[in-house]
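Peer 1: Provided herewith: entry-v6.cif, mmCIF, C-alpha atoms.
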data_entry
loop_
_atom_site.label_atom_id
_atom_site.label_comp_id
_atom_site.auth_asym_id
_atom_site.auth_seq_id
_atom_site.Cartn_x
_atom_site.Cartn_y
_atom_site.Cartn_z
CA MET D 1 0.00 0.00 0.00
CA LYS D 2 1.22 3.48 -0.86
CA ILE D 3 0.39 4.79 2.59
CA TYR D 4 3.17 2.62 4.05
CA GLY D 5 5.64 4.59 1.98
CA VAL D 6 4.13 7.91 3.00
CA ALA D 7 4.17 6.78 6.63
CA LEU D 8 7.83 5.76 6.37
CA LEU D 9 8.59 9.18 4.89
CA ALA D 10 6.64 10.86 7.69
CA ALA D 11 8.48 8.84 10.34
CA CYS D 12 11.88 9.80 8.89
CA PHE D 13 10.78 13.42 8.54
CA LEU D 14 9.62 13.72 12.15
CA MET D 15 12.64 11.87 13.53
CA GLY D 16 14.95 14.12 11.52
CA LYS D 17 13.20 17.26 12.72
CA LEU D 18 13.45 15.98 16.28
CA LEU D 19 17.19 15.34 15.92
CA GLY D 20 17.64 18.80 14.40
CA ARG D 21 15.78 20.42 17.29
CA LEU D 22 17.69 18.40 19.88
CA LEU D 23 20.98 19.40 18.30
CA GLY D 24 19.84 23.03 18.41
CA HIS D 25 18.80 22.64 22.03
CA LEU D 26 22.15 21.07 22.86
CA ILE D 27 24.07 24.14 21.72
CA ASN D 28 21.49 26.60 23.01
CA ILE D 29 19.93 27.78 19.77
CA ASP D 30 16.20 27.93 19.38
CA SER D 31 16.28 26.60 15.85
CA ASP D 32 16.43 23.42 13.83
CA ILE D 33 19.94 22.44 12.78
CA GLY D 34 19.95 20.16 9.76
CA GLY D 35 16.60 18.52 10.55
CA VAL D 36 15.86 17.95 6.88
CA GLY D 37 19.38 16.66 6.35
CA PHE D 38 19.03 14.10 9.15
CA ALA D 39 15.62 13.09 7.78
CA MET D 40 17.15 12.53 4.33
CA PHE D 41 19.88 10.33 5.81
CA LEU D 42 17.27 8.35 7.75
CA LEU D 43 15.18 7.83 4.62
CA MET D 44 18.19 6.76 2.57
CA THR D 45 19.50 4.29 5.15
CA SER D 46 16.10 2.89 6.09
CA SER D 47 15.08 2.38 2.47
CA ILE D 48 18.35 0.57 1.75
CA TYR D 49 17.83 -1.62 4.82
CA LEU D 50 14.18 -2.33 4.03
CA ARG D 51 15.00 -3.10 0.41
CA LYS D 52 17.57 -5.68 1.55
CA LYS D 53 14.95 -7.25 3.80
CA LYS D 54 12.57 -7.24 0.81
CA TRP D 55 10.03 -5.32 2.87
CA LEU D 56 10.09 -2.30 0.62
CA VAL D 57 7.90 -3.27 -2.33
CA LEU D 58 7.34 -1.09 -5.39
CA GLU D 59 3.84 -0.13 -4.30
CA THR D 60 5.21 1.19 -0.99
CA GLU D 61 7.97 3.09 -2.75
CA LYS D 62 5.41 4.78 -4.98
CA GLY D 63 4.06 6.59 -1.94
CA ILE D 64 7.47 8.20 -1.44
CA TRP D 65 8.04 8.85 -5.14
CA PHE D 66 4.78 10.76 -5.31
CA TRP D 67 5.99 13.30 -2.75
CA SER D 68 9.41 13.38 -4.35
CA SER D 69 7.76 14.42 -7.61
CA MET D 70 5.65 17.04 -5.85
CA TYR D 71 8.56 19.15 -4.70
CA ILE D 72 8.82 21.20 -7.90
CA PRO D 73 5.15 22.30 -7.80
CA ILE D 74 5.64 23.00 -4.10
CA ILE D 75 8.71 25.13 -4.84
CA VAL D 76 6.70 27.05 -7.45
CA ALA D 77 3.99 27.68 -4.85
CA MET D 78 6.67 28.73 -2.39
CA THR D 79 8.22 31.28 -4.74
CA SER D 80 4.78 32.85 -5.20
CA THR D 81 4.58 33.43 -1.44
CA LEU D 82 8.01 35.05 -1.02
CA ASN D 83 8.21 38.59 0.28
CA VAL D 84 9.56 40.05 -2.95
CA LYS D 85 8.43 43.56 -2.09
CA ALA D 86 10.53 43.54 1.09
CA ALA D 87 13.48 42.34 -0.94
CA LEU D 88 13.24 45.44 -3.10
CA SER D 89 12.28 47.84 -0.32
CA GLY D 90 15.26 46.73 1.79
CA GLY D 91 17.09 49.24 -0.33
CA PHE D 92 20.35 49.36 -2.16
CA LEU D 93 22.35 47.63 0.58
CA ALA D 94 20.08 44.57 0.65
CA ILE D 95 20.13 44.17 -3.12
CA ILE D 96 23.88 44.69 -3.58
CA LEU D 97 24.74 42.44 -0.63
CA GLY D 98 22.22 39.71 -1.47
CA ILE D 99 23.46 39.48 -5.05
CA GLY D 100 27.14 40.01 -4.19
CA ALA D 101 27.32 37.38 -1.45
CA THR D 102 25.49 34.81 -3.57
CA ALA D 103 27.63 35.48 -6.65
CA VAL D 104 30.91 35.20 -4.75
CA CYS D 105 29.80 31.94 -3.13
CA MET D 106 28.71 30.57 -6.51
CA LEU D 107 32.14 31.31 -7.94
CA MET D 108 33.72 29.34 -5.07
CA VAL D 109 31.93 26.13 -6.16
CA PRO D 110 34.57 24.88 -8.66
CA LEU D 111 37.38 25.63 -6.20
CA ILE D 112 35.92 23.82 -3.20
CA SER D 113 34.52 20.88 -5.11
CA LYS D 114 38.04 20.39 -6.49
CA ILE D 115 39.49 20.09 -2.97
CA GLY D 116 36.88 17.54 -1.99
CA ARG D 117 37.31 15.57 -5.14
CA GLU D 118 41.08 15.22 -4.80
CA LYS D 119 40.55 13.96 -1.29
CA SER D 120 37.95 11.42 -2.37
CA ILE D 121 40.24 10.18 -5.14
CA ASP D 122 43.07 9.91 -2.64
CA SER D 123 40.97 7.87 -0.26
CA GLN D 124 39.98 5.57 -3.09
CA LYS D 125 43.65 4.96 -3.91
CA LYS D 126 44.35 3.99 -0.34
CA MET H 127 -19.37 35.00 -7.04
CA GLU H 128 -20.01 34.61 -3.34
CA ILE H 129 -20.53 30.89 -3.73
CA ILE H 130 -17.23 30.55 -5.58
CA ASP H 131 -15.44 32.55 -2.89
CA THR H 132 -16.83 30.26 -0.19
CA ILE H 133 -15.88 27.09 -2.05
CA ILE H 134 -12.33 28.28 -2.66
CA GLY H 135 -12.03 29.77 0.81
CA LYS H 136 -12.90 26.44 2.37
CA ASN H 137 -10.73 24.42 0.00
CA GLY H 138 -7.67 26.62 -0.31
CA LEU H 139 -5.12 23.84 -0.60
CA VAL H 140 -7.04 22.07 -3.34
CA PHE H 141 -7.36 25.35 -5.23
CA ALA H 142 -3.59 25.83 -4.86
CA PHE H 143 -3.03 22.41 -6.50
CA LEU H 144 -5.11 23.62 -9.43
CA CYS H 145 -3.28 26.95 -9.69
CA VAL H 146 0.18 25.39 -9.60
CA GLY H 147 -0.92 22.73 -12.08
CA ILE H 148 -2.01 25.43 -14.51
CA ILE H 149 1.25 27.36 -14.00
CA MET H 150 3.29 24.18 -14.67
CA LEU H 151 1.24 23.34 -17.77
CA PHE H 152 1.56 26.84 -19.15
CA SER H 153 5.30 27.07 -18.46
CA SER H 154 6.13 23.73 -20.03
CA TRP H 155 4.11 24.81 -23.07
CA VAL H 156 6.05 28.09 -23.25
CA SER H 157 9.31 26.18 -22.80
CA LYS H 158 8.50 23.76 -25.62
CA TYR H 159 6.92 25.98 -28.24
CA ILE H 160 8.26 29.48 -27.57
CA THR H 161 11.78 28.99 -26.23
CA ASN H 162 12.34 25.73 -28.10
CA LYS H 163 13.24 23.98 -24.79
CA LYS H 164 16.20 26.36 -24.30
CA ILE H 165 14.74 27.59 -21.01
CA PRO H 166 13.50 24.71 -18.82
CA GLY H 167 9.81 24.75 -17.95
CA VAL H 168 10.63 24.64 -14.24
CA ALA H 169 12.66 27.85 -14.54
CA ILE H 170 9.75 29.60 -16.28
CA ALA H 171 7.32 28.32 -13.65
CA ILE H 172 9.55 29.69 -10.88
CA ILE H 173 9.76 33.09 -12.57
CA ILE H 174 5.97 33.14 -12.91
CA GLY H 175 5.78 32.26 -9.20
CA LEU H 176 8.08 35.14 -8.29
CA SER H 177 6.11 37.61 -10.39
CA LEU H 178 2.84 36.45 -8.83
CA ALA H 179 4.40 37.21 -5.44
CA PHE H 180 4.38 40.91 -6.40
CA LEU H 181 0.58 40.89 -6.29
CA GLY H 182 0.64 40.47 -2.50
CA ASP H 183 2.71 41.79 0.36
CA GLU H 184 4.78 40.05 3.02
CA LYS H 185 3.33 36.64 2.20
CA GLY H 186 3.30 37.14 -1.54
CA ILE H 187 0.20 36.12 -3.44
CA SER H 188 -1.19 34.28 -0.41
CA ASN H 189 -2.03 37.69 1.09
CA ILE H 190 -4.96 37.69 -1.33
CA PRO H 191 -7.64 35.59 0.45
CA LEU H 192 -8.47 33.69 -2.73
CA PHE H 193 -4.90 32.39 -2.92
CA ALA H 194 -4.34 31.75 0.79
CA GLY H 195 -3.90 28.04 0.02
CA MET H 196 -0.63 28.78 -1.76
CA ALA H 197 0.92 29.52 1.64
CA LEU H 198 -0.03 26.03 2.80
CA LEU H 199 1.20 24.27 -0.35
CA GLY H 200 4.41 26.32 -0.46
CA GLY H 201 4.88 26.48 3.30
CA PRO H 202 7.81 24.97 5.17
CA MET H 203 5.97 21.79 6.24
CA LEU H 204 5.13 20.45 2.78
CA ARG H 205 8.33 21.89 1.30
CA ASP H 206 10.54 20.00 3.76
CA PHE H 207 8.41 16.87 3.44
CA ALA H 208 8.82 16.82 -0.35
CA VAL H 209 12.51 17.68 -0.19
CA VAL H 210 13.12 14.77 2.23
CA ALA H 211 11.33 12.49 -0.24
CA THR H 212 13.85 13.43 -2.95
CA ALA H 213 16.48 11.61 -0.87
CA MET H 214 15.09 8.42 -2.44
CA SER H 215 16.91 9.30 -5.66
CA ALA H 216 20.17 10.28 -3.97
CA ASP H 217 23.20 8.03 -4.04
CA LEU H 218 24.62 7.51 -0.56
CA SER H 219 28.13 6.66 -1.77
CA LYS H 220 28.39 9.96 -3.64
CA ILE H 221 27.37 11.81 -0.49
CA ARG H 222 29.96 9.94 1.55
CA GLN H 223 32.62 10.91 -0.97
CA ALA H 224 31.72 14.59 -0.79
CA GLY H 225 31.19 14.68 2.96
CA LEU H 226 34.34 16.62 3.79
CA ALA H 227 33.89 19.01 0.87
CA GLY H 228 30.33 19.60 2.08
CA LEU H 229 31.49 20.48 5.58
CA VAL H 230 34.22 22.79 4.26
CA SER H 231 31.74 24.49 1.93
CA LEU H 232 29.30 25.10 4.81
CA LEU H 233 31.90 26.84 6.95
CA ILE H 234 33.38 28.82 4.07
CA GLY H 235 29.90 29.73 2.82
CA VAL H 236 28.82 31.21 6.17
CA PHE H 237 32.18 32.95 6.58
CA ILE H 238 32.23 34.55 3.11
CA SER H 239 28.62 35.75 3.33
CA PHE H 240 29.14 37.22 6.78
CA THR H 241 32.40 38.93 5.84
CA MET H 242 30.87 40.42 2.70
CA GLY H 243 27.95 41.66 4.76
CA VAL H 244 30.27 43.39 7.22
CA LEU H 245 32.44 44.91 4.47
CA ILE H 246 29.54 46.19 2.39
CA GLY H 247 27.80 47.41 5.55
CA LEU H 248 30.95 49.32 6.52
CA SER H 249 31.27 50.85 3.07
CA MET H 250 27.68 52.07 3.31
CA GLY H 251 28.35 53.89 6.54
CA TYR H 252 27.28 51.42 9.25
CA THR H 253 29.79 51.48 12.11
CA ASN H 254 27.75 50.03 14.99
CA ILE H 255 29.00 46.50 15.68
CA GLU H 256 25.53 45.10 16.41
CA SER H 257 24.28 46.46 13.07
CA LEU H 258 27.25 45.11 11.15
CA THR H 259 26.88 41.66 12.72
CA THR H 260 23.17 41.60 11.86
CA ILE H 261 23.76 42.69 8.26
CA GLY H 262 26.47 40.05 7.93
CA ALA H 263 24.09 37.44 9.35
CA GLY H 264 21.40 38.55 6.88
CA ALA H 265 23.81 37.82 4.06
CA CYS H 266 23.71 34.17 5.24
CA THR H 267 19.94 33.55 5.13
CA TYR H 268 16.78 35.48 5.99
CA ILE H 269 16.47 33.42 9.17
CA VAL H 270 20.02 33.90 10.44
CA GLY H 271 19.63 37.70 10.14
CA PRO H 272 16.67 38.24 12.48
CA VAL H 273 17.80 35.47 14.87
CA THR H 274 21.19 37.14 15.25
CA GLY H 275 19.79 40.67 15.34
CA THR H 276 17.33 39.79 18.08
CA ALA H 277 19.97 37.93 20.08
CA ILE H 278 22.46 40.82 20.17
CA GLY H 279 19.88 43.61 20.31
CA ALA H 280 20.15 45.29 16.91
CA SER H 281 17.64 47.96 15.87
CA SER H 282 14.53 46.85 14.01
CA ASP H 283 15.34 48.70 10.77
CA VAL H 284 18.67 46.88 10.55
CA ILE H 285 16.88 43.58 11.19
CA ALA H 286 14.49 44.46 8.35
CA ILE H 287 17.45 45.09 6.05
CA SER H 288 18.97 41.74 7.04
CA VAL H 289 15.72 39.93 6.20
CA ALA H 290 15.53 41.74 2.86
CA THR H 291 19.14 40.77 2.09
CA GLY H 292 18.34 37.13 2.76
CA VAL H 293 15.30 37.25 0.49
CA VAL H 294 17.33 38.89 -2.30
CA LYS H 295 19.82 36.06 -1.89
CA THR H 296 17.07 33.44 -2.27
CA ILE H 297 15.67 35.12 -5.36
CA PHE H 298 19.07 35.64 -6.95
CA ALA H 299 20.05 32.01 -6.29
CA THR H 300 16.77 30.89 -7.88
CA ILE H 301 17.25 32.91 -11.05
CA GLY H 302 21.04 32.92 -11.22
CA THR H 303 21.82 29.22 -10.66
CA PRO H 304 20.61 27.90 -14.03
CA LEU H 305 22.40 30.77 -15.78
CA ILE H 306 25.77 30.24 -14.12
CA ALA H 307 25.64 26.44 -13.64
CA LYS H 308 27.79 25.54 -16.64
CA LYS H 309 30.48 28.10 -15.85
CA ILE H 310 30.92 26.85 -12.29
CA LYS H 311 30.75 23.19 -13.38
CA LEU H 312 27.60 22.57 -11.37
CA ASP H 313 26.62 19.41 -13.23
CA ASN H 314 27.32 16.57 -10.79
CA PRO H 315 26.26 15.50 -7.28
CA HIS H 316 29.63 16.39 -5.80
CA ALA H 317 29.44 20.01 -6.99
CA ALA H 318 25.77 20.20 -5.93
CA ILE H 319 26.70 19.22 -2.36
CA VAL H 320 29.35 21.96 -2.31
CA PHE H 321 26.92 24.42 -3.90
CA GLY H 322 24.29 23.74 -1.23
CA GLY H 323 26.84 24.35 1.50
CA LEU H 324 28.15 27.57 -0.01
CA ILE H 325 24.84 29.22 -0.83
CA GLY H 326 22.90 27.81 2.11
CA THR H 327 19.49 29.35 1.59
CA THR H 328 17.51 26.11 1.22
CA SER H 329 14.64 27.54 -0.80
CA GLY H 330 17.01 29.29 -3.21
CA VAL H 331 19.29 26.26 -3.52
CA VAL H 332 16.42 23.86 -4.15
CA ALA H 333 14.60 26.15 -6.59
CA GLY H 334 17.83 27.05 -8.40
CA LEU H 335 18.91 23.41 -8.73
CA ALA H 336 15.41 22.37 -9.83
CA ALA H 337 15.64 24.88 -12.66
CA THR H 338 19.12 23.60 -13.56
CA ASP H 339 18.95 19.82 -13.23
CA GLU H 340 16.34 18.05 -11.13
CA GLU H 341 18.70 15.20 -10.26
CA LEU H 342 20.96 17.53 -8.32
CA VAL H 343 18.25 18.74 -5.92
CA PRO H 344 18.64 16.16 -3.11
CA TYR H 345 22.40 16.70 -2.93
CA GLY H 346 22.15 20.48 -2.64
CA ALA H 347 19.27 20.26 -0.18
CA LEU H 348 21.24 17.92 2.06
CA THR H 349 24.03 20.39 2.88
CA SER H 350 21.99 23.57 2.71
CA THR H 351 19.68 22.42 5.52
CA PHE H 352 22.62 22.62 7.92
CA TYR H 353 23.56 26.13 6.83
CA THR H 354 20.94 28.17 8.68
CA GLY H 355 21.68 26.30 11.90
CA ILE H 356 25.42 26.83 11.58
CA GLY H 357 24.80 30.49 10.74
CA CYS H 358 22.59 30.92 13.81
CA LEU H 359 25.34 29.26 15.83
CA LEU H 360 28.33 31.29 14.58
CA CYS H 361 26.98 34.79 13.84
CA PRO H 362 25.69 35.92 17.25
CA SER H 363 28.54 34.21 19.11
CA LEU H 364 31.96 33.72 17.54
CA PHE H 365 31.63 36.23 14.70
CA TYR H 366 30.11 38.88 16.97
CA VAL H 367 32.89 38.45 19.52
CA ILE H 368 35.54 38.64 16.79
CA LEU H 369 34.02 41.88 15.45
CA ARG H 370 33.95 43.38 18.93
CA PHE H 371 37.55 42.35 19.43
CA LEU H 372 38.60 43.93 16.12
CA ASP H 373 36.68 47.04 17.23
CA ILE H 374 36.19 48.50 13.76
#
Please rewrite the model in this file as structure tokens.

Peer 2:
Amino acid sequence: MKIYGVALLAACFLMGKLLGRLLGHLINIDSDIGGVGFAMFLLMTSSIYLRKKKWLVLETEKGIWFWSSMYIPIIVAMTSTLNVKAALSGGFLAIILGIGATAVCMLMVPLISKIGREKSIDSQKK
Amino acid sequence: MEIIDTIIGKNGLVFAFLCVGIIMLFSSWVSKYITNKKIPGVAIAIIIGLSLAFLGDEKGISNIPLFAGMALLGGPMLRDFAVVATAMSADLSKIRQAGLAGLVSLLIGVFISFTMGVLIGLSMGYTNIESLTTIGAGACTYIVGPVTGTAIGASSDVIAISVATGVVKTIFATIGTPLIAKKIKLDNPHAAIVFGGLIGTTSGVVAGLAATDEELVPYGALTSTFYTGIGCLLCPSLFYVILRFLDI
């Protein structure tokens, strides 16, 4: 049944959010640190485990795939609810800084992914 | 008209499904027949979404009662739920390989954004350390800005600027990523993990990657979800103390 997949996704999601909150609580921040990231790890590992046990059948997986395919429409809905007026009314500083910081970070992508890649190739050689 | 208002008012989420479905249909049509598939349909849909946001105020189009359901469909709960589901198509071994690069990119991403915020803030005449820290935090994400500003007691207009900066970042990442992707070699999971860590604003990273290459989304989402937390950790503490120590 598809609902098993959705329920598995929900379990991973809530567990991940809980871990993120606990981590935040641990270092005294009232915010979620990497909750979605933890949830993604949980979903990946649990689906690999369940697949090995042959408990994860295609019909169950379809429940997860449905939500996975819904994220683009959801992102479109999200962009239509952004506070674009505030972004423009924040003035010159907000616009220059928002664009500048993003652009500089984007340009760092080839550099940093190179460092990581050399390391991963090194570890493979070992 | 009143009957229609009541039906939509009571079934906002369902109406939002219909609206987004129509936007997606229209944008893939435009992509196919007008731009000859040169601009992906998703990118067009996102630009339509952003322009619709101009019709409302602080909550975009969902400020209009008829479209209130868009806030539910595009809200953080369903967004995170769907993004977690994309992990099904991610390859764990690729993530393991890029783990260190991801961590490095997170720290460098927060550091660069904060430093740029302080420098640009300084050049625009802000000298108060609390203001500079808040502006720097706003250059991380629109959550880090107000969290930091409130924690160290910055003035509300500076907090507003920090939120605006974060939103500009999200929008620029959404539009800019597909345009710059080739130049920065953002075409593989490894680079997407680094990209997510450097840019950090989850909504911008996910929307930008979706418009570039859907397969990269889970990788970018994975690192970027740690960014806001790390920003909230470093900006009001370590970075603030360092700025006070430097005493600009």

Peer 1: If I take atom CA of Val210 of chain H and atom CA of Gly37 of chain D, how far is one from the other in Å, to one decimal?

Peer 2: 7.7 Å

Peer 1: Report as JSON, numbers by chain all protein, DNA and RNA residues lying within 6 Å of Thr81 of chain D, evaluated on all atoms listed in the file, omitting residues in the same chain fewer than 2 positions from it.

Peer 2: {"D": [78, 79], "H": [179, 185, 186, 187, 188]}

Peer 1: Show me, as a VMD selection string, every residue of chain H with an atom at most 6 Å from chain D, counting only C-alpha atoms.

Peer 2: chain H and resid 172 175 to 176 178 to 179 184 to 188 196 199 to 200 208 210 to 213 223 227 239 287 290 to 291 293 to 295 310 317 320 to 321 324 348 351 to 352 355

Peer 1: Suppose we keep C-alpha atoms; can you now write the selection as a CSV table (one decimal), in the coordinates of the input?

Peer 2:
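That gives us result14.csv:
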chain,number,residue,atom,x,y,z
H,172,ILE,CA,9.6,29.7,-10.9
H,175,GLY,CA,5.8,32.3,-9.2
H,176,LEU,CA,8.1,35.1,-8.3
H,178,LEU,CA,2.8,36.4,-8.8
H,179,ALA,CA,4.4,37.2,-5.4
H,184,GLU,CA,4.8,40.0,3.0
H,185,LYS,CA,3.3,36.6,2.2
H,186,GLY,CA,3.3,37.1,-1.5
H,187,ILE,CA,0.2,36.1,-3.4
H,188,SER,CA,-1.2,34.3,-0.4
H,196,MET,CA,-0.6,28.8,-1.8
H,199,LEU,CA,1.2,24.3,-0.4
H,200,GLY,CA,4.4,26.3,-0.5
H,208,ALA,CA,8.8,16.8,-0.4
H,210,VAL,CA,13.1,14.8,2.2
H,211,ALA,CA,11.3,12.5,-0.2
H,212,THR,CA,13.8,13.4,-3.0
H,213,ALA,CA,16.5,11.6,-0.9
H,223,GLN,CA,32.6,10.9,-1.0
H,227,ALA,CA,33.9,19.0,0.9
H,239,SER,CA,28.6,35.8,3.3
H,287,ILE,CA,17.4,45.1,6.0
H,290,ALA,CA,15.5,41.7,2.9
H,291,THR,CA,19.1,40.8,2.1
H,293,VAL,CA,15.3,37.2,0.5
H,294,VAL,CA,17.3,38.9,-2.3
H,295,LYS,CA,19.8,36.1,-1.9
H,310,ILE,CA,30.9,26.8,-12.3
H,317,ALA,CA,29.4,20.0,-7.0
H,320,VAL,CA,29.4,22.0,-2.3
H,321,PHE,CA,26.9,24.4,-3.9
H,324,LEU,CA,28.2,27.6,0.0
H,348,LEU,CA,21.2,17.9,2.1
H,351,THR,CA,19.7,22.4,5.5
H,352,PHE,CA,22.6,22.6,7.9
H,355,GLY,CA,21.7,26.3,11.9

Peer 1: Name the residues that the PyMOL selection byres ((chain H and resi 356) around 9) pulls out of this structure, and write them as an MDAnalysis selection string.

Peer 2: (chainID D and resid 33:34) or (chainID H and resid 232:233 236 270 352:355 357:361)

Peer 1: Could you please take those selected residues and save C-alpha atoms as a JSON list (two decimals), in the coordinates of the input?

Peer 2:
[["chain", "number", "residue", "atom", "x", "y", "z"],
["D", 33, "ILE", "CA", 19.94, 22.44, 12.78],
["D", 34, "GLY", "CA", 19.95, 20.16, 9.76],
["H", 232, "LEU", "CA", 29.30, 25.10, 4.81],
["H", 233, "LEU", "CA", 31.90, 26.84, 6.95],
["H", 236, "VAL", "CA", 28.82, 31.21, 6.17],
["H", 270, "VAL", "CA", 20.02, 33.90, 10.44],
["H", 352, "PHE", "CA", 22.62, 22.62, 7.92],
["H", 353, "TYR", "CA", 23.56, 26.13, 6.83],
["H", 354, "THR", "CA", 20.94, 28.17, 8.68],
["H", 355, "GLY", "CA", 21.68, 26.30, 11.90],
["H", 357, "GLY", "CA", 24.80, 30.49, 10.74],
["H", 358, "CYS", "CA", 22.59, 30.92, 13.81],
["H", 359, "LEU", "CA", 25.34, 29.26, 15.83],
["H", 360, "LEU", "CA", 28.33, 31.29, 14.58],
["H", 361, "CYS", "CA", 26.98, 34.79, 13.84]]

Peer 1: If I take atom CA of Gly225 of chain H and atom CA of Thr267 of chain H, how far is one from the other in Å, to one decimal?

Peer 2: 22.1 Å

Peer 1: If the PyMOL selection byres ((chain H and resi 337) around 8) is run on the structure shown, which residues does it catch, given as a list in words?

Peer 2: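 Listing what the PyMOL selection byres ((chain H and resi 337) around 8) selects in the shown file: Pro166, Gly167, Val168, Ala169, Ile172, Thr300, Thr303, Pro304, Ala333, Gly334, Leu335, Ala336, Thr338, Asp339 and Glu340 of chain H.
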
Peer 1: Near segment 276-282 of chain H, counting all atoms listed in the file, which residues have an atom at most 7 Å away, once you skip same-chain residues fewer than 3 positions from it, shown as a list of chain:residue names?

Peer 2: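 Selected residues are H:Glu256, H:Ser257, H:Thr260, H:Pro272, H:Val273, H:Ile285, H:Ala286, H:Pro362.
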
Peer 1: Atom CA of Thr161 of chain H and atom CA of Ile306 of chain H are how many Å apart?

Peer 2: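 Here the two named atoms are 18.5 Å from each other.
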
Peer 1: Rank D:Met15, D:Thr60, D:Trp55, D:Leu26 by their smallest atom-to-atom distance to Ile3 of chain D, using only C-alpha atoms, and report the top residue only.

Peer 2: D:Thr60

Peer 1: Here is a test: counting all atoms listed in the file, which residue of H:Ala171, H:Met150, H:Ile368, H:Ile130 is nearest to Ile255 of chain H?

Peer 2: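 Smallest separation from Ile255 of chain H among the options: H:Ile368.
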
Peer 1: Where atoms are absent from segment 146-159 of chain H, fill them in so it carries N, CA, C and O atoms, then output it as a PDB file, in the coordinates of the input.

Peer 2:
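This is the output file result.pdb:
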ATOM      1  N   VAL H 146      -1.194  25.771  -9.270  1.00  0.00           N
ATOM      2  CA  VAL H 146       0.180  25.390  -9.600  1.00  0.00           C
ATOM      3  C   VAL H 146       0.183  24.474 -10.817  1.00  0.00           C
ATOM      4  O   VAL H 146       1.054  24.586 -11.697  1.00  0.00           O
ATOM      5  N   GLY H 147      -0.815  23.599 -10.910  1.00  0.00           N
ATOM      6  CA  GLY H 147      -0.920  22.730 -12.080  1.00  0.00           C
ATOM      7  C   GLY H 147      -1.024  23.537 -13.353  1.00  0.00           C
ATOM      8  O   GLY H 147      -0.367  23.237 -14.354  1.00  0.00           O
ATOM      9  N   ILE H 148      -1.838  24.582 -13.320  1.00  0.00           N
ATOM     10  CA  ILE H 148      -2.010  25.430 -14.510  1.00  0.00           C
ATOM     11  C   ILE H 148      -0.702  26.162 -14.826  1.00  0.00           C
ATOM     12  O   ILE H 148      -0.290  26.240 -15.990  1.00  0.00           O
ATOM     13  N   ILE H 149      -0.029  26.663 -13.763  1.00  0.00           N
ATOM     14  CA  ILE H 149       1.250  27.360 -14.000  1.00  0.00           C
ATOM     15  C   ILE H 149       2.253  26.396 -14.657  1.00  0.00           C
ATOM     16  O   ILE H 149       2.927  26.743 -15.622  1.00  0.00           O
ATOM     17  N   MET H 150       2.333  25.158 -14.131  1.00  0.00           N
ATOM     18  CA  MET H 150       3.290  24.180 -14.670  1.00  0.00           C
ATOM     19  C   MET H 150       2.957  23.844 -16.127  1.00  0.00           C
ATOM     20  O   MET H 150       3.843  23.743 -16.970  1.00  0.00           O
ATOM     21  N   LEU H 151       1.672  23.678 -16.408  1.00  0.00           N
ATOM     22  CA  LEU H 151       1.240  23.340 -17.770  1.00  0.00           C
ATOM     23  C   LEU H 151       1.605  24.456 -18.726  1.00  0.00           C
ATOM     24  O   LEU H 151       2.194  24.235 -19.790  1.00  0.00           O
ATOM     25  N   PHE H 152       1.282  25.669 -18.314  1.00  0.00           N
ATOM     26  CA  PHE H 152       1.560  26.840 -19.150  1.00  0.00           C
ATOM     27  C   PHE H 152       3.064  26.991 -19.369  1.00  0.00           C
ATOM     28  O   PHE H 152       3.523  27.205 -20.497  1.00  0.00           O
ATOM     29  N   SER H 153       3.868  26.825 -18.298  1.00  0.00           N
ATOM     30  CA  SER H 153       5.300  27.070 -18.460  1.00  0.00           C
ATOM     31  C   SER H 153       5.969  25.978 -19.289  1.00  0.00           C
ATOM     32  O   SER H 153       6.913  26.264 -20.032  1.00  0.00           O
ATOM     33  N   SER H 154       5.489  24.736 -19.179  1.00  0.00           N
ATOM     34  CA  SER H 154       6.130  23.730 -20.030  1.00  0.00           C
ATOM     35  C   SER H 154       5.726  23.932 -21.491  1.00  0.00           C
ATOM     36  O   SER H 154       6.505  23.649 -22.402  1.00  0.00           O
ATOM     37  N   TRP H 155       4.528  24.490 -21.711  1.00  0.00           N
ATOM     38  CA  TRP H 155       4.110  24.810 -23.070  1.00  0.00           C
ATOM     39  C   TRP H 155       4.994  25.930 -23.640  1.00  0.00           C
ATOM     40  O   TRP H 155       5.490  25.837 -24.770  1.00  0.00           O
ATOM     41  N   VAL H 156       5.203  26.966 -22.821  1.00  0.00           N
ATOM     42  CA  VAL H 156       6.050  28.090 -23.250  1.00  0.00           C
ATOM     43  C   VAL H 156       7.463  27.577 -23.543  1.00  0.00           C
ATOM     44  O   VAL H 156       8.073  27.913 -24.563  1.00  0.00           O
ATOM     45  N   SER H 157       7.969  26.711 -22.634  1.00  0.00           N
ATOM     46  CA  SER H 157       9.310  26.180 -22.800  1.00  0.00           C
ATOM     47  C   SER H 157       9.441  25.427 -24.126  1.00  0.00           C
ATOM     48  O   SER H 157      10.405  25.581 -24.861  1.00  0.00           O
ATOM     49  N   LYS H 158       8.422  24.639 -24.451  1.00  0.00           N
ATOM     50  CA  LYS H 158       8.500  23.760 -25.620  1.00  0.00           C
ATOM     51  C   LYS H 158       8.311  24.537 -26.922  1.00  0.00           C
ATOM     52  O   LYS H 158       9.093  24.374 -27.857  1.00  0.00           O
ATOM     53  N   TYR H 159       7.282  25.380 -26.958  1.00  0.00           N
ATOM     54  CA  TYR H 159       6.920  25.980 -28.240  1.00  0.00           C
ATOM     55  C   TYR H 159       7.480  27.384 -28.447  1.00  0.00           C
ATOM     56  O   TYR H 159       7.614  27.823 -29.583  1.00  0.00           O
TER      57      TYR H 159
END
